[in-house]
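Source file: start_24.cif. Holds: mmCIF, C-alpha atoms.
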```cif
data_target
loop_
_atom_site.label_atom_id
_atom_site.label_comp_id
_atom_site.auth_asym_id
_atom_site.auth_seq_id
_atom_site.Cartn_x
_atom_site.Cartn_y
_atom_site.Cartn_z
CA MET T 1 275.33 55.39 74.47
CA ALA T 2 278.12 57.31 76.20
CA PRO T 3 277.83 60.41 73.96
CA CYS T 4 274.08 60.59 74.70
CA GLN T 5 274.74 60.42 78.44
CA ASN T 6 277.40 63.12 78.17
CA ALA T 7 275.02 65.33 76.20
CA THR T 8 272.28 64.82 78.80
CA GLN T 9 274.68 65.61 81.63
CA GLY T 10 275.87 68.72 79.78
CA LYS T 11 272.29 69.95 79.39
CA LYS T 12 271.62 69.33 83.10
CA ILE T 13 274.75 71.27 84.10
CA ALA T 14 273.82 74.16 81.78
CA HIS T 15 270.27 74.18 83.15
CA ASN T 16 271.50 74.15 86.76
CA THR T 17 273.98 76.95 86.03
CA HIS T 18 271.26 79.04 84.39
CA GLN T 19 268.90 78.42 87.31
CA THR T 20 271.60 79.38 89.83
CA SER T 21 272.33 82.58 87.90
CA GLN T 22 268.64 83.45 87.86
CA VAL T 23 268.30 82.93 91.63
CA LEU T 24 271.45 84.96 92.27
CA ALA T 25 270.25 87.80 90.01
CA SER T 26 266.85 87.97 91.71
CA GLU T 27 268.38 88.04 95.19
CA LEU T 28 270.97 90.64 94.18
CA SER T 29 268.23 92.85 92.75
CA LEU T 30 266.33 92.62 96.05
CA ALA T 31 269.45 93.39 98.09
CA ALA T 32 270.27 96.34 95.79
CA PHE T 33 266.74 97.72 96.12
CA ILE T 34 266.86 97.50 99.92
CA LEU T 35 270.18 99.37 99.94
CA LEU T 36 268.69 101.91 97.54
CA LEU T 37 265.84 102.52 100.00
CA ILE T 38 268.41 103.04 102.75
CA THR T 39 270.02 105.80 100.70
CA VAL T 40 266.58 107.37 100.12
CA PHE T 41 265.66 107.58 103.82
CA SER T 42 269.12 108.17 105.28
CA LYS T 43 270.34 111.68 106.08
CA LYS T 44 274.07 111.09 105.68
CA TRP T 45 274.74 112.10 102.09
CA LEU T 46 277.20 114.64 103.50
CA CYS T 47 279.50 114.53 106.51
CA LEU T 48 278.73 117.90 108.09
CA SER T 49 281.13 117.36 111.00
CA GLY T 50 284.06 117.51 108.56
CA SER T 51 283.01 120.82 106.96
CA ARG T 52 285.69 123.48 106.51
CA PHE T 53 285.07 127.17 105.93
CA TYR T 54 287.76 129.13 104.10
CA GLN T 55 286.08 132.51 104.54
CA ARG T 56 284.34 134.33 107.37
CA TRP T 57 280.70 135.14 106.67
CA PRO T 58 278.20 137.42 108.47
CA ALA T 59 275.93 135.64 110.94
CA ASN T 60 272.87 135.58 108.64
CA ILE T 61 274.81 134.17 105.66
CA SER T 62 276.58 131.65 107.90
CA ALA T 63 273.20 130.43 109.21
CA SER T 64 271.95 130.13 105.63
CA ILE T 65 274.99 128.05 104.63
CA HIS T 66 274.55 125.70 107.60
CA LEU T 67 270.86 125.25 106.79
CA SER T 68 271.63 124.61 103.11
CA ALA T 69 274.19 121.96 104.10
CA HIS T 70 271.62 120.37 106.43
CA ILE T 71 269.15 120.16 103.53
CA MET T 72 271.78 118.77 101.16
CA THR T 73 272.74 115.95 103.54
CA MET T 74 269.22 114.51 103.11
CA GLY T 75 270.04 113.55 99.52
CA PRO T 76 268.31 114.27 96.20
CA LEU T 77 264.79 113.22 97.28
CA GLN T 78 264.32 114.32 100.90
CA ILE T 79 264.60 118.07 100.62
CA CYS T 80 263.51 119.02 104.11
CA SER T 81 261.26 116.84 106.25
CA SER T 82 261.37 119.15 109.27
CA ARG T 83 259.13 122.21 109.55
CA SER T 84 261.87 124.00 111.44
CA CYS T 85 263.73 124.37 108.16
CA PHE T 86 261.10 126.75 106.93
CA ASN T 87 260.40 128.44 110.27
CA LEU T 88 263.74 130.17 110.03
CA GLU T 89 263.81 133.53 108.31
CA ASN T 90 266.23 132.37 105.65
CA GLY T 91 264.74 128.87 105.31
CA LYS T 92 263.27 129.28 101.85
CA GLN T 93 266.36 131.05 100.60
CA SER T 94 268.56 128.19 101.86
CA LEU T 95 266.31 125.69 100.15
CA LYS T 96 266.58 127.55 96.84
CA GLU T 97 270.35 127.73 97.26
CA TRP T 98 270.53 123.95 96.94
CA THR T 99 267.57 123.16 94.69
CA GLY T 100 268.48 126.09 92.43
CA GLN T 101 271.65 124.32 91.30
CA PRO T 102 271.60 123.61 87.53
CA PHE T 103 271.79 119.82 87.80
CA PHE T 104 269.64 119.32 90.89
CA GLU T 105 266.34 118.67 89.11
CA VAL T 106 267.99 116.17 86.75
CA ALA T 107 269.55 114.33 89.71
CA LYS T 108 266.22 114.31 91.54
CA ILE T 109 264.29 112.94 88.55
CA SER T 110 266.91 110.28 87.78
CA PHE T 111 266.90 109.15 91.43
CA TRP T 112 263.09 108.93 91.52
CA LEU T 113 263.16 106.86 88.33
CA ALA T 114 265.92 104.65 89.76
CA VAL T 115 263.84 103.89 92.88
CA GLY T 116 260.74 103.10 90.80
CA LEU T 117 262.62 100.95 88.28
CA GLY T 118 264.49 99.18 91.08
CA PHE T 119 261.17 98.09 92.58
CA VAL T 120 259.85 96.92 89.18
CA LEU T 121 263.06 94.99 88.49
CA ALA T 122 263.00 93.23 91.88
CA VAL T 123 259.38 92.19 91.31
CA TRP T 124 260.09 91.12 87.71
CA LEU T 125 263.00 88.85 88.64
CA HIS T 126 260.91 87.18 91.36
CA LEU T 127 257.93 86.44 89.08
CA PRO T 128 259.16 82.93 88.08
CA TYR T 129 258.86 81.83 91.72
CA LEU T 130 255.11 82.51 91.80
CA PRO T 131 253.10 79.28 91.46
CA GLY T 132 251.17 78.83 88.21
CA LEU T 133 252.90 81.70 86.43
CA GLU T 134 254.66 80.92 83.17
CA ARG T 135 257.97 82.55 82.40
CA PRO T 136 257.82 84.84 79.31
CA PRO T 137 260.15 83.90 76.42
CA SER T 138 262.06 87.21 76.60
CA PHE T 139 262.22 87.21 80.40
CA GLY T 140 266.02 87.31 80.59
CA TRP T 141 266.43 90.06 78.00
CA ILE T 142 263.85 92.30 79.67
CA GLY T 143 265.59 91.85 83.02
CA THR T 144 268.97 92.70 81.46
CA ILE T 145 267.57 95.85 79.78
CA MET T 146 265.96 97.01 83.04
CA SER T 147 269.22 96.39 84.92
CA PHE T 148 271.12 98.44 82.34
CA CYS T 149 268.61 101.31 82.63
CA GLU T 150 268.86 101.13 86.42
CA VAL T 151 272.66 101.39 86.23
CA VAL T 152 272.40 104.46 83.94
CA LEU T 153 269.92 106.21 86.28
CA ILE T 154 271.92 105.54 89.45
CA PHE T 155 275.18 106.51 87.75
CA SER T 156 273.60 109.81 86.61
CA THR T 157 272.49 110.58 90.17
CA LEU T 158 275.87 109.70 91.66
CA ILE T 159 277.67 111.94 89.16
CA LEU T 160 275.27 114.90 89.35
CA PHE T 161 275.04 115.00 93.17
CA PRO T 162 278.73 115.87 93.76
CA ILE T 163 278.63 118.32 90.83
CA ASN T 164 275.83 120.20 92.63
CA LEU T 165 277.87 120.04 95.82
CA TRP T 166 281.05 121.34 94.15
CA ILE T 167 279.17 124.31 92.65
CA PHE T 168 277.81 125.13 96.12
CA GLU T 169 281.29 124.81 97.65
CA LEU T 170 282.80 127.14 95.04
CA LYS T 171 280.11 129.76 95.61
CA ARG T 172 280.50 129.69 99.40
CA ASN T 173 284.25 128.99 99.57
CA LEU T 174 283.94 125.93 101.79
CA SER T 175 284.46 122.16 101.75
CA ILE T 176 281.97 119.48 102.83
CA PRO T 177 282.98 115.78 102.71
CA ILE T 178 280.55 113.33 101.12
CA GLY T 179 278.85 110.94 103.58
CA TRP T 180 278.34 107.18 103.66
CA SER T 181 274.89 107.25 102.04
CA TYR T 182 276.50 108.42 98.80
CA PHE T 183 279.00 105.55 98.81
CA ILE T 184 276.21 103.02 99.44
CA GLY T 185 274.84 104.32 96.14
CA TRP T 186 278.00 103.07 94.39
CA LEU T 187 277.58 99.68 96.06
CA VAL T 188 274.01 99.58 94.70
CA LEU T 189 275.38 100.42 91.25
CA ILE T 190 277.87 97.52 91.39
CA LEU T 191 275.13 95.10 92.49
CA TYR T 192 272.93 96.10 89.53
CA VAL T 193 275.87 95.71 87.14
CA ILE T 194 276.40 92.13 88.43
CA CYS T 195 272.66 91.53 88.28
CA GLY T 196 272.53 92.63 84.64
CA SER T 197 275.51 90.48 83.68
CA LEU T 198 273.85 87.39 85.16
#
```

Conversion result in structure tokens:
Amino acid sequence: MAPCQNATQGKKIAHNTHQTSQVLASELSLAAFILLLITVFSKKWLCLSGSRFYQRWPANISASIHLSAHIMTMGPLQICSSRSCFNLENGKQSLKEWTGQPFFEVAKISFWLAVGLGFVLAVWLHLPYLPGLERPPSFGWIGTIMSFCEVVLIFSTLILFPINLWIFELKRNLSIPIGWSYFIGWLVLILYVICGSL
């Protein structure tokens, strides 16, 4: 009788642990997606106040550099939401100076995909809580695969963004510190890694 009771208790503990992990994973995915949206709409990918110029430039080139840095601080997705960016004479040239970097398009695409997949993953992990909806047999595996893909996409963006920045800094002989929005991206990455492991 005792072994049967122990087996039953063991199954209950395993079931409770699995349920707790599922709840934790779903909530972590939601928190990670909210933080990901913050990085999308924030304009602090660079800390412009800490910029250092190691070379004197003519006024027109200096204005172009400042405008390019302003565009870059909006992150991979928000290129320039203000019309004033393009009202300036060198506005389009400044835009090309950033978007013309070799890895910019890859970073932009990977970030778009990360935002879309992050939304799908958050919805997927919350499906079991909907009344009358049966959980698919491969639910856990699909969630793990999506989490892994999300980690790869965010990691690609976080690696390519500073590479674009370093190329720009080398061309213009200056230094621009990375802002807090970029570091929130690493926090999002860690949350998705934990989510996938659960």

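Closest approach to Glu105 of chain T among T:Gly50, T:Gly196, T:Pro76, T:Gly185: T:Pro76, based on only C-alpha atoms.
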
Exercise for review: Using only C-alpha atoms, determine which residues lie at most 9 Å from Thr157 of chain T, disregarding the query and same-chain residues fewer than 6 positions distant; provide the list as an MDAnalysis selection string.
Suggested key: chainID T and resid 76 106:111 114 185

Practice item. Give me the residues within 7 Å of segment 159-176 of chain T as a list of chain:residue names, counting all atoms listed in the file and dropping any in the same chain fewer than 4 places off. Key: T:Leu46, T:Cys47, T:Leu48, T:Gly50, T:Ser51, T:Arg52, T:Phe53, T:Tyr54, T:Gln55, T:Gln101, T:Phe103, T:Phe104, T:Ala107, T:Phe155

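For the set T:Val188, T:Ile38, T:Leu121, T:Leu130, the residue with the smallest atom-to-atom gap to Ile154 of chain T is T:Val188, counting all atoms listed in the file.
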
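Considering the residues T:Ala32, T:Leu37, T:Ala69, T:Val123 and counting only C-alpha atoms, Leu189 of chain T has its shortest atom-to-atom contact with T:Ala32.
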
Once N, CA, C and O atoms are restored for segment 20-43 of chain T, what would the output be as a short mmCIF file (atom, residue, chain, number, x, y, z; two decimals), in the coordinates of the input?
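See selection36.cif below for the written result:
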```cif
data_model
loop_
_atom_site.label_atom_id
_atom_site.label_comp_id
_atom_site.auth_asym_id
_atom_site.auth_seq_id
_atom_site.Cartn_x
_atom_site.Cartn_y
_atom_site.Cartn_z
N THR T 20 270.85 78.74 88.75
CA THR T 20 271.60 79.38 89.83
C THR T 20 271.82 80.86 89.54
O THR T 20 271.69 81.69 90.44
N SER T 21 272.14 81.18 88.29
CA SER T 21 272.33 82.58 87.90
C SER T 21 271.06 83.38 88.08
O SER T 21 271.09 84.53 88.52
N GLN T 22 269.92 82.77 87.73
CA GLN T 22 268.64 83.45 87.86
C GLN T 22 268.31 83.74 89.32
O GLN T 22 267.86 84.84 89.66
N VAL T 23 268.55 82.74 90.18
CA VAL T 23 268.30 82.93 91.63
C VAL T 23 269.20 84.01 92.18
O VAL T 23 268.76 84.90 92.93
N LEU T 24 270.48 83.97 91.79
CA LEU T 24 271.45 84.96 92.27
C LEU T 24 271.07 86.37 91.81
O LEU T 24 271.15 87.32 92.59
N ALA T 25 270.65 86.49 90.55
CA ALA T 25 270.25 87.80 90.01
C ALA T 25 269.04 88.35 90.75
O ALA T 25 268.99 89.55 91.07
N SER T 26 268.06 87.51 91.02
CA SER T 26 266.85 87.97 91.71
C SER T 26 267.16 88.42 93.13
O SER T 26 266.65 89.44 93.60
N GLU T 27 268.03 87.66 93.82
CA GLU T 27 268.38 88.04 95.19
C GLU T 27 269.26 89.29 95.23
O GLU T 27 269.12 90.12 96.14
N LEU T 28 270.14 89.43 94.25
CA LEU T 28 270.97 90.64 94.18
C LEU T 28 270.13 91.87 93.90
O LEU T 28 270.38 92.95 94.46
N SER T 29 269.12 91.72 93.05
CA SER T 29 268.23 92.85 92.75
C SER T 29 267.46 93.28 94.00
O SER T 29 267.25 94.48 94.23
N LEU T 30 267.04 92.30 94.81
CA LEU T 30 266.33 92.62 96.05
C LEU T 30 267.25 93.31 97.04
O LEU T 30 266.87 94.31 97.67
N ALA T 31 268.48 92.78 97.18
CA ALA T 31 269.45 93.39 98.09
C ALA T 31 269.79 94.81 97.65
O ALA T 31 269.89 95.74 98.47
N ALA T 32 269.96 95.01 96.33
CA ALA T 32 270.27 96.34 95.79
C ALA T 32 269.13 97.31 96.04
O ALA T 32 269.36 98.47 96.39
N PHE T 33 267.89 96.84 95.90
CA PHE T 33 266.74 97.72 96.12
C PHE T 33 266.62 98.12 97.58
O PHE T 33 266.29 99.27 97.90
N ILE T 34 266.90 97.18 98.49
CA ILE T 34 266.86 97.50 99.92
C ILE T 34 267.92 98.55 100.27
O ILE T 34 267.65 99.52 101.00
N LEU T 35 269.13 98.38 99.72
CA LEU T 35 270.18 99.37 99.94
C LEU T 35 269.81 100.72 99.33
O LEU T 35 270.13 101.78 99.88
N LEU T 36 269.13 100.67 98.18
CA LEU T 36 268.69 101.91 97.54
C LEU T 36 267.69 102.65 98.42
O LEU T 36 267.73 103.88 98.54
N LEU T 37 266.79 101.90 99.07
CA LEU T 37 265.84 102.52 100.00
C LEU T 37 266.55 103.13 101.20
O LEU T 37 266.12 104.17 101.73
N ILE T 38 267.63 102.49 101.64
CA ILE T 38 268.41 103.04 102.75
C ILE T 38 268.98 104.40 102.37
O ILE T 38 268.96 105.34 103.16
N THR T 39 269.47 104.51 101.14
CA THR T 39 270.02 105.80 100.70
C THR T 39 268.92 106.86 100.58
O THR T 39 269.17 108.04 100.78
N VAL T 40 267.70 106.42 100.25
CA VAL T 40 266.58 107.37 100.12
C VAL T 40 266.23 107.97 101.48
O VAL T 40 266.05 109.19 101.61
N PHE T 41 266.14 107.13 102.52
CA PHE T 41 265.66 107.58 103.82
C PHE T 41 266.78 107.98 104.78
O PHE T 41 266.51 108.49 105.87
N SER T 42 268.02 107.75 104.40
CA SER T 42 269.12 108.17 105.28
C SER T 42 269.37 109.67 105.13
O SER T 42 268.99 110.28 104.13
N LYS T 43 270.03 110.24 106.09
CA LYS T 43 270.34 111.68 106.08
C LYS T 43 271.84 111.89 106.22
O LYS T 43 272.29 112.80 106.92
#
```
